[in-house]
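Participant: Here you go, data.cif (mmCIF, C-alpha atoms and all ligand atoms):
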```cif
data_model
loop_
_atom_site.label_atom_id
_atom_site.label_comp_id
_atom_site.auth_asym_id
_atom_site.auth_seq_id
_atom_site.Cartn_x
_atom_site.Cartn_y
_atom_site.Cartn_z
CA MET A 1 57.53 -1.29 8.38
CA GLN A 2 58.23 -4.94 8.95
CA HIS A 3 55.36 -7.25 7.99
CA HIS A 4 54.31 -9.73 10.67
CA PRO A 5 51.80 -12.32 9.53
CA LEU A 6 49.09 -12.68 12.17
CA SER A 7 50.14 -16.26 12.85
CA ASP A 8 53.55 -14.94 14.04
CA ALA A 9 52.45 -11.63 15.58
CA ASP A 10 49.66 -13.13 17.66
CA PRO A 11 49.27 -16.92 17.49
CA GLU A 12 46.46 -16.86 20.06
CA VAL A 13 44.20 -14.51 18.12
CA HIS A 14 45.20 -16.29 14.90
CA ASN A 15 44.10 -19.57 16.42
CA ALA A 16 40.76 -18.15 17.59
CA LEU A 17 40.10 -16.80 14.07
CA LYS A 18 40.91 -20.15 12.49
CA ASN A 19 38.57 -21.87 14.94
CA GLU A 20 35.78 -19.41 14.17
CA MET A 21 36.28 -19.87 10.43
CA ASN A 22 36.00 -23.61 10.95
CA ARG A 23 32.83 -23.16 13.06
CA GLN A 24 31.19 -21.05 10.36
CA GLU A 25 32.36 -23.23 7.49
CA SER A 26 31.71 -26.72 8.73
CA ASP A 27 30.39 -26.99 12.27
CA SER A 28 26.81 -25.75 12.37
CA LEU A 29 23.81 -24.52 10.43
CA GLU A 30 23.64 -20.75 10.99
CA MET A 31 19.96 -19.89 11.43
CA ILE A 32 20.08 -16.75 13.56
CA ALA A 33 17.79 -14.48 11.56
CA SER A 34 20.00 -11.40 11.95
CA GLU A 35 23.21 -13.07 10.76
CA ASN A 36 24.68 -13.65 7.33
CA PHE A 37 27.99 -14.31 5.57
CA VAL A 38 29.74 -11.55 3.63
CA ASN A 39 31.59 -11.87 0.36
CA GLN A 40 35.39 -12.14 0.57
CA ALA A 41 35.62 -8.76 -1.21
CA VAL A 42 33.85 -7.22 1.79
CA LEU A 43 36.30 -8.87 4.20
CA GLU A 44 39.15 -7.48 2.11
CA ALA A 45 37.82 -3.91 2.26
CA GLN A 46 37.22 -4.16 6.01
CA GLY A 47 40.78 -5.32 6.62
CA SER A 48 42.28 -2.39 4.71
CA VAL A 49 44.52 0.63 5.46
CA LEU A 50 41.47 2.84 5.88
CA THR A 51 41.61 1.79 9.53
CA ASN A 52 44.73 3.99 9.87
CA LYS A 53 43.10 7.38 9.37
CA TYR A 54 40.85 9.88 11.10
CA ALA A 55 38.18 11.35 8.84
CA GLU A 56 35.83 13.31 11.12
CA GLY A 57 33.33 15.28 9.10
CA TYR A 58 31.90 14.40 5.71
CA PRO A 59 33.24 14.20 2.13
CA GLY A 60 34.65 17.58 1.08
CA ASN A 61 34.38 18.91 4.62
CA ARG A 62 36.74 17.01 6.94
CA TYR A 63 38.54 18.08 10.08
CA TYR A 64 41.81 16.39 8.99
CA ALA A 65 43.94 16.64 5.85
CA GLY A 66 44.61 13.66 3.62
CA CYS A 67 41.03 12.41 3.28
CA GLU A 68 40.80 12.40 -0.54
CA TYR A 69 40.42 8.63 -0.85
CA HIS A 70 38.20 8.39 2.19
CA ASP A 71 35.92 10.88 0.43
CA ASP A 72 35.87 8.64 -2.65
CA VAL A 73 34.86 5.61 -0.58
CA GLU A 74 32.20 7.41 1.47
CA ASN A 75 30.70 9.05 -1.63
CA LEU A 76 30.49 5.65 -3.34
CA ALA A 77 28.70 4.14 -0.33
CA ARG A 78 26.26 7.06 -0.10
CA GLU A 79 25.43 7.13 -3.82
CA ARG A 80 24.94 3.37 -4.01
CA ALA A 81 22.58 3.38 -1.03
CA LYS A 82 20.60 6.28 -2.54
CA ASP A 83 20.29 4.38 -5.80
CA ILE A 84 19.25 1.10 -4.17
CA PHE A 85 16.69 2.48 -1.70
CA GLY A 86 15.54 5.60 -3.53
CA ALA A 87 16.64 7.78 -0.59
CA GLU A 88 17.37 11.48 -1.03
CA HIS A 89 20.04 11.54 1.68
CA VAL A 90 22.21 8.81 3.26
CA ASN A 91 24.61 8.83 6.20
CA VAL A 92 26.82 5.72 6.20
CA GLN A 93 28.83 6.53 9.34
CA PRO A 94 26.77 5.02 12.21
CA HIS A 95 28.89 2.32 13.81
CA ALA A 96 25.88 0.05 14.39
CA GLY A 97 22.08 -0.05 14.37
CA SER A 98 21.75 1.35 17.90
CA GLN A 99 23.94 4.33 17.02
CA ALA A 100 21.89 4.89 13.86
CA ASN A 101 18.68 4.96 15.89
CA PHE A 102 20.23 7.21 18.55
CA ALA A 103 21.23 9.80 15.95
CA ALA A 104 17.95 9.41 14.04
CA TYR A 105 15.91 10.26 17.15
CA PHE A 106 18.10 13.23 18.04
CA SER A 107 17.92 14.62 14.50
CA VAL A 108 14.26 15.51 15.09
CA LEU A 109 13.48 15.09 18.82
CA GLU A 110 14.48 16.60 22.12
CA LYS A 111 14.69 14.94 25.49
CA GLY A 112 11.19 14.11 26.77
CA ASP A 113 9.47 14.19 23.38
CA ARG A 114 6.73 11.67 22.76
CA VAL A 115 7.38 8.57 20.65
CA LEU A 116 5.16 5.64 19.73
CA GLY A 117 6.95 2.31 19.28
CA PRO A 118 6.22 -1.42 19.33
CA VAL A 119 6.10 -3.59 22.44
CA LEU A 120 9.55 -5.23 22.61
CA ALA A 121 8.08 -8.67 23.25
CA HIS A 122 6.02 -8.23 20.08
CA GLY A 123 9.09 -8.10 17.86
CA GLY A 124 10.47 -4.62 18.57
CA HIS A 125 14.07 -3.72 19.41
CA LEU A 126 15.62 -2.35 22.61
CA THR A 127 16.19 1.00 20.88
CA HIS A 128 12.45 1.26 20.19
CA GLY A 129 11.77 2.53 23.70
CA HIS A 130 12.67 -0.24 26.12
CA PRO A 131 13.23 1.13 29.66
CA VAL A 132 16.69 -0.51 29.95
CA ASN A 133 17.83 1.34 26.81
CA PHE A 134 18.73 5.02 26.23
CA SER A 135 15.57 5.35 24.11
CA GLY A 136 13.17 4.52 26.95
CA HIS A 137 15.28 6.58 29.33
CA ILE A 138 15.44 9.79 27.31
CA PHE A 139 12.15 9.93 25.43
CA ASP A 140 8.55 9.49 26.51
CA PHE A 141 7.63 6.24 24.76
CA ASP A 142 4.21 4.63 24.46
CA THR A 143 3.55 1.36 22.67
CA TYR A 144 1.32 -0.31 20.14
CA ALA A 145 0.73 -4.03 20.36
CA ILE A 146 0.26 -7.03 18.13
CA ASP A 147 -3.30 -8.29 17.78
CA GLU A 148 -3.64 -11.29 20.10
CA GLU A 149 -5.87 -13.19 17.66
CA THR A 150 -4.04 -12.71 14.34
CA GLU A 151 -0.58 -12.26 15.89
CA ARG A 152 0.00 -9.42 13.42
CA PHE A 153 0.30 -5.65 13.75
CA GLU A 154 -3.13 -4.48 12.62
CA ARG A 155 -4.17 -1.07 11.32
CA ASP A 156 -6.78 -0.36 14.03
CA GLU A 157 -4.40 -0.97 16.95
CA ILE A 158 -1.75 1.28 15.40
CA VAL A 159 -4.06 4.17 14.50
CA GLU A 160 -5.86 3.97 17.87
CA ALA A 161 -2.56 4.00 19.80
CA ALA A 162 -1.40 7.03 17.79
CA ARG A 163 -4.68 8.91 18.46
CA GLU A 164 -4.41 8.16 22.15
CA HIS A 165 -0.74 9.10 22.62
CA ASP A 166 -0.37 11.89 20.03
CA PRO A 167 3.34 11.14 19.41
CA ASP A 168 5.95 13.46 17.89
CA LEU A 169 7.46 10.44 16.09
CA ILE A 170 6.25 6.92 15.26
CA VAL A 171 8.70 4.00 14.95
CA SER A 172 8.03 0.81 13.01
CA GLY A 173 10.34 -2.05 12.01
CA TYR A 174 10.98 -5.27 13.95
CA SER A 175 13.54 -7.87 14.96
CA ALA A 176 11.27 -10.87 15.31
CA TYR A 177 8.18 -10.29 13.21
CA PRO A 178 7.47 -12.85 10.48
CA ARG A 179 5.23 -10.55 8.41
CA GLU A 180 5.65 -7.41 6.28
CA ILE A 181 5.74 -4.08 8.11
CA PRO A 182 2.23 -2.63 7.55
CA PHE A 183 3.39 0.73 6.21
CA ASP A 184 -0.13 1.89 5.21
CA ALA A 185 -1.29 1.87 8.82
CA PHE A 186 1.69 3.98 9.92
CA ARG A 187 1.14 6.44 7.09
CA GLU A 188 -2.45 6.91 8.26
CA ALA A 189 -1.42 7.20 11.93
CA ALA A 190 1.20 9.85 11.12
CA GLU A 191 -1.19 11.85 8.98
CA GLU A 192 -3.71 12.01 11.83
CA THR A 193 -1.15 13.04 14.44
CA ASP A 194 1.33 14.97 12.31
CA ALA A 195 4.12 12.74 13.63
CA VAL A 196 7.52 12.17 12.03
CA LEU A 197 7.63 8.75 10.36
CA MET A 198 10.66 6.63 11.18
CA THR A 199 11.16 2.98 10.34
CA ASP A 200 14.02 0.66 11.26
CA ILE A 201 14.28 -1.81 8.40
CA ALA A 202 17.42 -3.55 9.74
CA HIS A 203 15.94 -7.03 9.40
CA VAL A 204 14.27 -6.67 6.01
CA ALA A 205 16.71 -4.23 4.33
CA GLY A 206 17.82 -6.80 1.74
CA LEU A 207 14.21 -7.60 0.88
CA VAL A 208 13.47 -3.88 0.53
CA ALA A 209 16.60 -3.36 -1.59
CA ALA A 210 15.44 -6.12 -3.93
CA GLY A 211 11.85 -4.82 -4.17
CA ILE A 212 10.38 -7.87 -2.40
CA HIS A 213 9.25 -5.99 0.72
CA GLU A 214 7.48 -2.61 0.29
CA ASN A 215 9.91 0.33 0.28
CA PRO A 216 9.08 3.08 2.81
CA PHE A 217 10.43 5.77 0.43
CA PRO A 218 9.33 8.22 -0.83
CA ASP A 219 6.83 8.69 2.01
CA TRP A 220 9.06 8.15 5.05
CA ASP A 221 11.04 10.90 6.80
CA ILE A 222 13.74 8.65 8.28
CA VAL A 223 14.73 5.06 7.55
CA THR A 224 17.44 3.39 9.64
CA THR A 225 19.07 0.04 9.04
CA THR A 226 21.99 -2.15 9.80
CA THR A 227 23.99 -3.30 6.81
CA HIS A 228 24.82 -6.87 7.86
CA LYS A 229 21.53 -8.77 8.11
CA THR A 230 19.49 -9.71 5.01
CA LEU A 231 21.36 -6.93 3.18
CA ARG A 232 24.46 -9.21 3.46
CA GLY A 233 27.01 -6.45 4.03
CA ALA A 234 29.75 -5.29 6.35
CA ARG A 235 28.64 -4.92 9.97
CA GLY A 236 27.37 -1.42 10.71
CA GLY A 237 24.52 1.08 10.60
CA MET A 238 23.10 3.56 8.11
CA ILE A 239 20.49 6.36 8.16
CA MET A 240 18.49 7.38 5.11
CA SER A 241 16.15 10.33 4.95
CA ARG A 242 14.49 12.94 2.84
CA GLU A 243 16.74 15.82 1.76
CA GLY A 244 15.15 18.31 4.15
CA LEU A 245 16.55 16.38 7.13
CA ALA A 246 20.06 15.88 5.72
CA GLU A 247 21.82 18.47 7.86
CA ASP A 248 20.02 17.44 11.05
CA ILE A 249 20.84 13.76 10.49
CA ASP A 250 24.49 14.43 9.69
CA ARG A 251 24.90 16.68 12.73
CA ALA A 252 23.24 14.09 14.99
CA VAL A 253 25.79 11.48 13.87
CA PHE A 254 28.86 13.75 13.95
CA PRO A 255 29.61 15.71 16.11
CA PHE A 256 26.61 14.96 18.35
CA SER A 257 26.97 11.22 18.97
CA GLN A 258 30.06 9.86 17.21
CA GLY A 259 33.66 10.87 16.58
CA GLY A 260 35.88 9.54 13.81
CA PRO A 261 34.05 7.24 11.41
CA LEU A 262 35.27 3.64 11.01
CA MET A 263 36.26 4.17 7.40
CA HIS A 264 37.36 0.57 6.83
CA GLN A 265 33.78 -0.38 7.76
CA VAL A 266 32.42 2.32 5.46
CA ALA A 267 34.52 0.73 2.68
CA GLY A 268 32.98 -2.65 3.55
CA LYS A 269 29.52 -1.06 3.32
CA ALA A 270 30.39 0.47 -0.07
CA VAL A 271 31.46 -2.91 -1.46
CA SER A 272 28.36 -4.64 -0.02
CA LEU A 273 26.10 -2.06 -1.64
CA ARG A 274 27.91 -2.53 -4.95
CA LEU A 275 27.20 -6.26 -4.71
CA ALA A 276 23.55 -5.49 -3.92
CA GLN A 277 23.34 -3.75 -7.31
CA GLU A 278 24.24 -6.98 -9.13
CA ARG A 279 21.58 -8.66 -11.21
CA ASP A 280 21.47 -11.88 -9.16
CA TYR A 281 20.81 -10.01 -5.88
CA ARG A 282 17.04 -10.00 -6.37
CA GLU A 283 17.07 -13.76 -6.95
CA TYR A 284 19.06 -14.23 -3.74
CA GLN A 285 16.55 -12.20 -1.72
CA GLN A 286 13.58 -14.02 -3.27
CA GLN A 287 15.26 -17.32 -2.40
CA ILE A 288 15.58 -16.19 1.25
CA VAL A 289 11.79 -15.75 1.41
CA ASP A 290 11.03 -18.94 -0.55
CA ASN A 291 13.33 -20.81 1.82
CA ALA A 292 11.64 -19.32 4.90
CA GLN A 293 8.26 -20.44 3.52
CA ALA A 294 9.57 -23.97 2.82
CA LEU A 295 11.00 -24.05 6.35
CA ALA A 296 7.65 -22.87 7.76
CA GLU A 297 5.73 -25.61 5.93
CA GLY A 298 8.24 -28.26 7.01
CA LEU A 299 8.08 -27.16 10.65
CA GLN A 300 4.28 -27.17 10.62
CA GLU A 301 4.33 -30.71 9.19
CA ASN A 302 6.61 -31.59 12.11
CA GLY A 303 4.02 -30.31 14.60
CA PHE A 304 5.45 -26.86 15.40
CA ARG A 305 3.02 -23.96 15.89
CA LEU A 306 4.26 -20.83 14.13
CA VAL A 307 3.38 -17.34 15.32
CA SER A 308 0.89 -15.81 12.82
CA GLY A 309 0.75 -19.17 11.00
CA GLY A 310 3.73 -18.63 8.68
CA THR A 311 5.99 -15.99 7.19
CA ASP A 312 6.28 -13.33 4.45
CA VAL A 313 9.91 -12.57 5.17
CA HIS A 314 13.23 -14.20 6.14
CA LEU A 315 12.29 -15.73 9.50
CA VAL A 316 9.79 -17.81 11.39
CA LEU A 317 8.90 -17.61 15.07
CA ALA A 318 8.11 -21.06 16.47
CA ASP A 319 6.00 -21.41 19.62
CA MET A 320 7.83 -24.17 21.50
CA SER A 321 4.92 -24.81 23.84
CA SER A 322 3.62 -26.81 20.86
CA LYS A 323 6.52 -29.18 21.72
CA ASP A 324 6.07 -28.88 25.50
CA MET A 325 9.34 -27.05 25.98
CA THR A 326 10.66 -23.52 26.49
CA GLY A 327 12.59 -21.49 23.95
CA LYS A 328 15.68 -21.83 26.14
CA GLU A 329 15.44 -25.63 26.15
CA ALA A 330 14.89 -25.74 22.38
CA GLU A 331 17.84 -23.40 21.69
CA SER A 332 20.11 -25.64 23.73
CA LEU A 333 18.92 -28.92 22.15
CA LEU A 334 19.32 -27.45 18.68
CA GLU A 335 22.80 -26.11 19.42
CA ASP A 336 23.88 -29.55 20.62
CA ALA A 337 22.71 -30.94 17.28
CA GLY A 338 24.61 -28.25 15.29
CA ILE A 339 21.68 -25.94 14.51
CA VAL A 340 22.19 -22.38 15.78
CA VAL A 341 19.03 -20.33 16.51
CA ASN A 342 18.01 -17.98 19.30
CA LYS A 343 15.34 -18.22 21.95
CA ASN A 344 12.83 -15.42 21.52
CA MET A 345 9.72 -14.16 23.26
CA ILE A 346 6.49 -14.65 21.35
CA PRO A 347 3.59 -12.16 21.54
CA TYR A 348 1.87 -12.31 24.95
CA ASP A 349 4.59 -14.64 26.23
CA GLU A 350 4.22 -15.58 29.89
CA ARG A 351 7.88 -16.48 30.21
CA SER A 352 10.77 -14.05 30.73
CA ALA A 353 13.23 -12.94 28.01
CA LYS A 354 15.82 -15.30 29.51
CA VAL A 355 13.57 -18.35 29.15
CA THR A 356 10.93 -17.48 26.51
CA SER A 357 8.34 -19.66 24.80
CA GLY A 358 9.73 -19.31 21.29
CA VAL A 359 12.67 -19.68 18.97
CA ARG A 360 13.42 -17.37 16.04
CA ILE A 361 14.76 -19.17 12.96
CA GLY A 362 16.04 -17.38 9.86
CA THR A 363 17.15 -18.36 6.37
CA PRO A 364 19.51 -15.59 5.07
CA ALA A 365 22.78 -17.34 5.97
CA LEU A 366 21.82 -20.79 4.64
CA THR A 367 20.55 -19.13 1.46
CA THR A 368 23.96 -17.48 1.04
CA ARG A 369 25.47 -20.98 1.14
CA GLY A 370 23.26 -21.91 -1.82
CA MET A 371 20.55 -23.94 -0.08
CA GLU A 372 17.08 -23.95 -1.62
CA GLU A 373 13.59 -25.13 -0.68
CA SER A 374 14.34 -28.88 -0.64
CA GLU A 375 17.23 -28.36 1.78
CA LEU A 376 15.11 -26.13 4.02
CA ARG A 377 12.39 -28.78 4.17
CA TYR A 378 15.06 -31.26 5.18
CA VAL A 379 16.38 -28.79 7.78
CA ALA A 380 12.83 -28.53 9.20
CA ASP A 381 12.87 -32.32 9.66
CA LEU A 382 16.30 -32.10 11.31
CA ILE A 383 14.95 -29.43 13.70
CA GLY A 384 11.98 -31.68 14.51
CA ARG A 385 14.26 -34.64 15.19
CA ALA A 386 16.74 -32.56 17.22
CA VAL A 387 14.08 -31.28 19.62
CA ASN A 388 12.93 -34.88 20.02
CA GLY A 389 16.42 -35.63 21.35
CA GLU A 390 18.01 -37.29 18.30
CA THR A 391 21.14 -35.20 18.84
CA ASP A 392 24.06 -37.26 17.56
CA ARG A 393 22.53 -38.52 14.33
CA VAL A 394 21.22 -35.01 13.47
CA ARG A 395 24.68 -33.53 14.11
CA GLU A 396 26.23 -35.98 11.65
CA GLU A 397 23.63 -35.12 9.02
CA VAL A 398 24.21 -31.39 9.62
CA GLU A 399 27.92 -31.84 8.97
CA ASP A 400 27.21 -33.75 5.73
CA LEU A 401 24.85 -30.99 4.59
CA LEU A 402 27.42 -28.26 5.34
CA HIS A 403 30.01 -30.19 3.37
CA GLU A 404 27.70 -30.17 0.33
CA PHE A 405 27.34 -26.35 0.54
CA PRO A 406 30.81 -24.88 1.17
CA LEU A 407 30.96 -21.24 2.18
CA TYR A 408 34.37 -19.64 1.56
CA GLU A 409 36.87 -20.70 -1.07
CA ASP A 410 40.06 -21.93 0.54
CA ALA A 411 38.51 -21.70 3.99
CA GLU A 412 41.41 -23.74 5.40
CA ASN A 413 43.86 -20.92 4.71
CA SER A 414 41.75 -17.81 5.25
CA TYR A 415 39.58 -16.20 7.90
N1 LIG B 1 20.63 -8.27 17.62
C1 LIG B 1 19.77 -8.06 16.49
C2 LIG B 1 18.90 -9.23 16.21
O1 LIG B 1 19.32 -10.35 16.48
O2 LIG B 1 17.81 -9.06 15.72
C3 LIG B 1 18.98 -6.81 16.58
O3 LIG B 1 19.83 -5.76 16.77
#
```
As structure tokens - that is how I would like this structure written.
Ligand code: DSN
Facilitator:
Amino acid sequence: MQHHPLSDADPEVHNALKNEMNRQESDSLEMIASENFVNQAVLEAQGSVLTNKYAEGYPGNRYYAGCEYHDDVENLARERAKDIFGAEHVNVQPHAGSQANFAAYFSVLEKGDRVLGPVLAHGGHLTHGHPVNFSGHIFDFDTYAIDEETERFERDEIVEAAREHDPDLIVSGYSAYPREIPFDAFREAAEETDAVLMTDIAHVAGLVAAGIHENPFPDWDIVTTTTHKTLRGARGGMIMSREGLAEDIDRAVFPFSQGGPLMHQVAGKAVSLRLAQERDYREYQQQIVDNAQALAEGLQENGFRLVSGGTDVHLVLADMSSKDMTGKEAESLLEDAGIVVNKNMIPYDERSAKVTSGVRIGTPALTTRGMEESELRYVADLIGRAVNGETDRVREEVEDLLHEFPLYEDAENSY
């Protein structure tokens, strides 16, 4: 087969990829808490010939011939994830976090079953029961809320909500919560109600992998995650469980909700998990948290109010009413100055999800670039100056900072 370099085969896509590489490398500070930068080895695996093949089924039990090497790759990914998280069973095929949660629910629930999940505006995810999502549509969800005073999920609220709603399954795990998931409270709630325990650790998976955030295993029945946030891997989803649920989980992924797995993505996950077994991975994850705490202190010194007063994890949630502006306004001012964050509702927000009172700011991607506490304190000052309207000068300083912390080797000629 004739080889066509992308620049010849499709100059328009090639150009867009070059532009995106340039944006990531040298245009802006990436502070969206759910984003990160993968190693070039992960990019290589994702761009491989595994994209050419169907591999429905699981290692040793496929519906197509010729899957020997796909089996090798999938087994490596599964075994590495088991080793890292202490899980008895792992399914690495979910295409994304939503698909992982879909299959996880259907491995143990039927339509109409009762589930207890967090209020979305209190840091939950659409797949944790929001009415616009399949989860809220198919299952009978009730919610537990953040304590208005402490702005944390507290034991009493969780256990009370479980007693009241008597759920078949309880979901924890959050997209915009700056504190540890209070696993003890969920353990207690599930014991009282005999509910299945599920947690979605997508945001804190890297911290869990490194032993910095409490690990839900061995107590949890089902743990879902994405592989591309703090974990710093190829984009995708993953379900971990105890052995007794292995067949139900696997069946709920294929054939119930997915067809052929994206094996090039599974290869990317395998490589990411291999890198998460390296000795320096724990240091990287600890640096993410140290950086988030330095950012939190710097923002507070700049007059920002932070939800719950700080952070234990990789993100902060800033209440922009402390700066007399909405989350939407702050997101736009920061983007103009080269700082990319997202507007986010804060607990008990009176504004809609399209406007919001908060911004969510994360440190995983800047930590991958090699930044440490002193840079994050400086970034907090830049954020303070940017929301005060000092756009042009801040943008110049952002570009200088990015130049000091290059991302990809030979970024000019790769993407
Ligand atoms: N979109 C992700 C986030 O930003 O947290 C959740 O799926």
Participant: Write out as a count of residues only each polymer residue whose atoms come within 9 Å of A:Asp248, counting all atoms listed in the file; drop sequence neighbours fewer than 4 positions from it.
Facilitator: 7
Participant: Figure out the distance between atom CA of A:His70 and atom CA of A:Ala55, please, to one decimal in Å.
Facilitator: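 Atom-to-atom, atom CA of A:Ala55 to atom CA of A:His70, that is 7.3 Å.
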Participant: Go through the chains and note each residue within 7 Å of ligand LIG 1 (chain B), using only C-alpha atoms and all ligand atoms, then give the set as a VMD selection string.
Facilitator: chain A and resid 33 to 34 97 125 175 to 176 203
Participant: Selection from above, C-alpha atoms, as a PDB file, keeping the file's coordinate frame, can you write it?
Facilitator:
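Everything below was put into out_22.pdb:
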```pdb
ATOM      1  CA  ALA A  33      17.790 -14.480  11.560  1.00  0.00           C
ATOM      2  CA  SER A  34      20.000 -11.400  11.950  1.00  0.00           C
ATOM      3  CA  GLY A  97      22.080  -0.050  14.370  1.00  0.00           C
ATOM      4  CA  HIS A 125      14.070  -3.720  19.410  1.00  0.00           C
ATOM      5  CA  SER A 175      13.540  -7.870  14.960  1.00  0.00           C
ATOM      6  CA  ALA A 176      11.270 -10.870  15.310  1.00  0.00           C
ATOM      7  CA  HIS A 203      15.940  -7.030   9.400  1.00  0.00           C
TER       8      HIS A 203
END
```
Participant: Pick out the closest residue to A:Val316 from this set: A:Leu120, A:Val340, A:Val159, A:Ile32. Count only C-alpha atoms.
Facilitator: A:Ile32
Participant: Quick one: pull the distance between atom CA of A:Leu407 and atom CA of A:Asn344, Å, one decimal.
Facilitator: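 Straight-line distance from atom CA of A:Leu407 to atom CA of A:Asn344 works out to 27.1 Å.
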Participant: Extract, using all atoms listed in the file, all DNA, RNA and protein residues at most 9 Å from A:Gly237, discarding same-chain residues fewer than 2 positions from it, and format them as a count of residues only.
Facilitator: 19
Participant: Quick one: everything within 7 Å of A:Glu30, counting only C-alpha atoms, minus sequence neighbours fewer than 3 positions away in the same chain. Send it as a VMD selection string.
Facilitator: chain A and resid 339 to 340 365 to 366
Participant: Enumerate, as an NGL selection string, the protein, DNA and RNA residues whose atoms approach (6.9, -22.7, 24.7) to within 10 Å, taking into account only C-alpha atoms and the coordinate frame of the file.
Facilitator: :A and (305 or 318-330 or 343-346 or 349-351 or 355-359)
Participant: If you keep C-alpha atoms, can you produce a file of those selected residues as a PDB file, keeping the file's coordinate frame?
Facilitator:
```
ATOM      1  CA  ARG A 305       3.020 -23.960  15.890  1.00  0.00           C
ATOM      2  CA  ALA A 318       8.110 -21.060  16.470  1.00  0.00           C
ATOM      3  CA  ASP A 319       6.000 -21.410  19.620  1.00  0.00           C
ATOM      4  CA  MET A 320       7.830 -24.170  21.500  1.00  0.00           C
ATOM      5  CA  SER A 321       4.920 -24.810  23.840  1.00  0.00           C
ATOM      6  CA  SER A 322       3.620 -26.810  20.860  1.00  0.00           C
ATOM      7  CA  LYS A 323       6.520 -29.180  21.720  1.00  0.00           C
ATOM      8  CA  ASP A 324       6.070 -28.880  25.500  1.00  0.00           C
ATOM      9  CA  MET A 325       9.340 -27.050  25.980  1.00  0.00           C
ATOM     10  CA  THR A 326      10.660 -23.520  26.490  1.00  0.00           C
ATOM     11  CA  GLY A 327      12.590 -21.490  23.950  1.00  0.00           C
ATOM     12  CA  LYS A 328      15.680 -21.830  26.140  1.00  0.00           C
ATOM     13  CA  GLU A 329      15.440 -25.630  26.150  1.00  0.00           C
ATOM     14  CA  ALA A 330      14.890 -25.740  22.380  1.00  0.00           C
ATOM     15  CA  LYS A 343      15.340 -18.220  21.950  1.00  0.00           C
ATOM     16  CA  ASN A 344      12.830 -15.420  21.520  1.00  0.00           C
ATOM     17  CA  MET A 345       9.720 -14.160  23.260  1.00  0.00           C
ATOM     18  CA  ILE A 346       6.490 -14.650  21.350  1.00  0.00           C
ATOM     19  CA  ASP A 349       4.590 -14.640  26.230  1.00  0.00           C
ATOM     20  CA  GLU A 350       4.220 -15.580  29.890  1.00  0.00           C
ATOM     21  CA  ARG A 351       7.880 -16.480  30.210  1.00  0.00           C
ATOM     22  CA  VAL A 355      13.570 -18.350  29.150  1.00  0.00           C
ATOM     23  CA  THR A 356      10.930 -17.480  26.510  1.00  0.00           C
ATOM     24  CA  SER A 357       8.340 -19.660  24.800  1.00  0.00           C
ATOM     25  CA  GLY A 358       9.730 -19.310  21.290  1.00  0.00           C
ATOM     26  CA  VAL A 359      12.670 -19.680  18.970  1.00  0.00           C
TER      27      VAL A 359
END
```
Participant: Would you compute, for all listed atoms of stretch 194-206 of chain A, the axis-aligned bounding box grown by 4 Å on each side, and then report its centre and edge lengths in Å rounded to one decimal, as lines of an AutoDock Vina configuration file?
Facilitator:
```
center_x = 9.6
center_y = 4.0
center_z = 7.7
size_x = 24.5
size_y = 30.0
size_z = 19.9
```
Participant: Out of A:Asp142, A:Glu372, A:Asp8, A:Asp336, which residue has the shortest atom-to-atom distance to A:Glu396 when counting all atoms listed in the file?
Facilitator: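 Among the listed residues, the smallest separation from A:Glu396 belongs to A:Asp336.
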Participant: Please provide the set of residues having any atom within 12 Å of A:Thr368, restricted to all atoms listed in the file, with same-chain residues fewer than 4 positions apart removed, written as an NGL selection string.
Facilitator: :A and (29-31 or 35-39 or 229-233 or 280-281 or 283-288 or 291 or 362-364 or 372 or 405-408)
Participant: If you count only C-alpha atoms, which residues fall within 7 Å of A:Ile170, apart from same-chain ones fewer than 5 positions away, as a PyMOL selection string?
Facilitator: chain A and resi 115-117+195-198
Participant: With distances taken over only C-alpha atoms, which residue among A:His122, A:Cys67, A:Leu333, A:Pro11 lies nearest A:Glu148?
Facilitator: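 Comparing A:His122, A:Cys67, A:Leu333, A:Pro11 against A:Glu148, the winner is A:His122.
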Participant: Identify the residues around (6.9, 18.1, 20.7) within a radius of 9 Å, measuring from only C-alpha atoms in the coordinates stated by the file, and give them as a PyMOL selection string.
Facilitator: chain A and resi 109-110+112-114+167-169
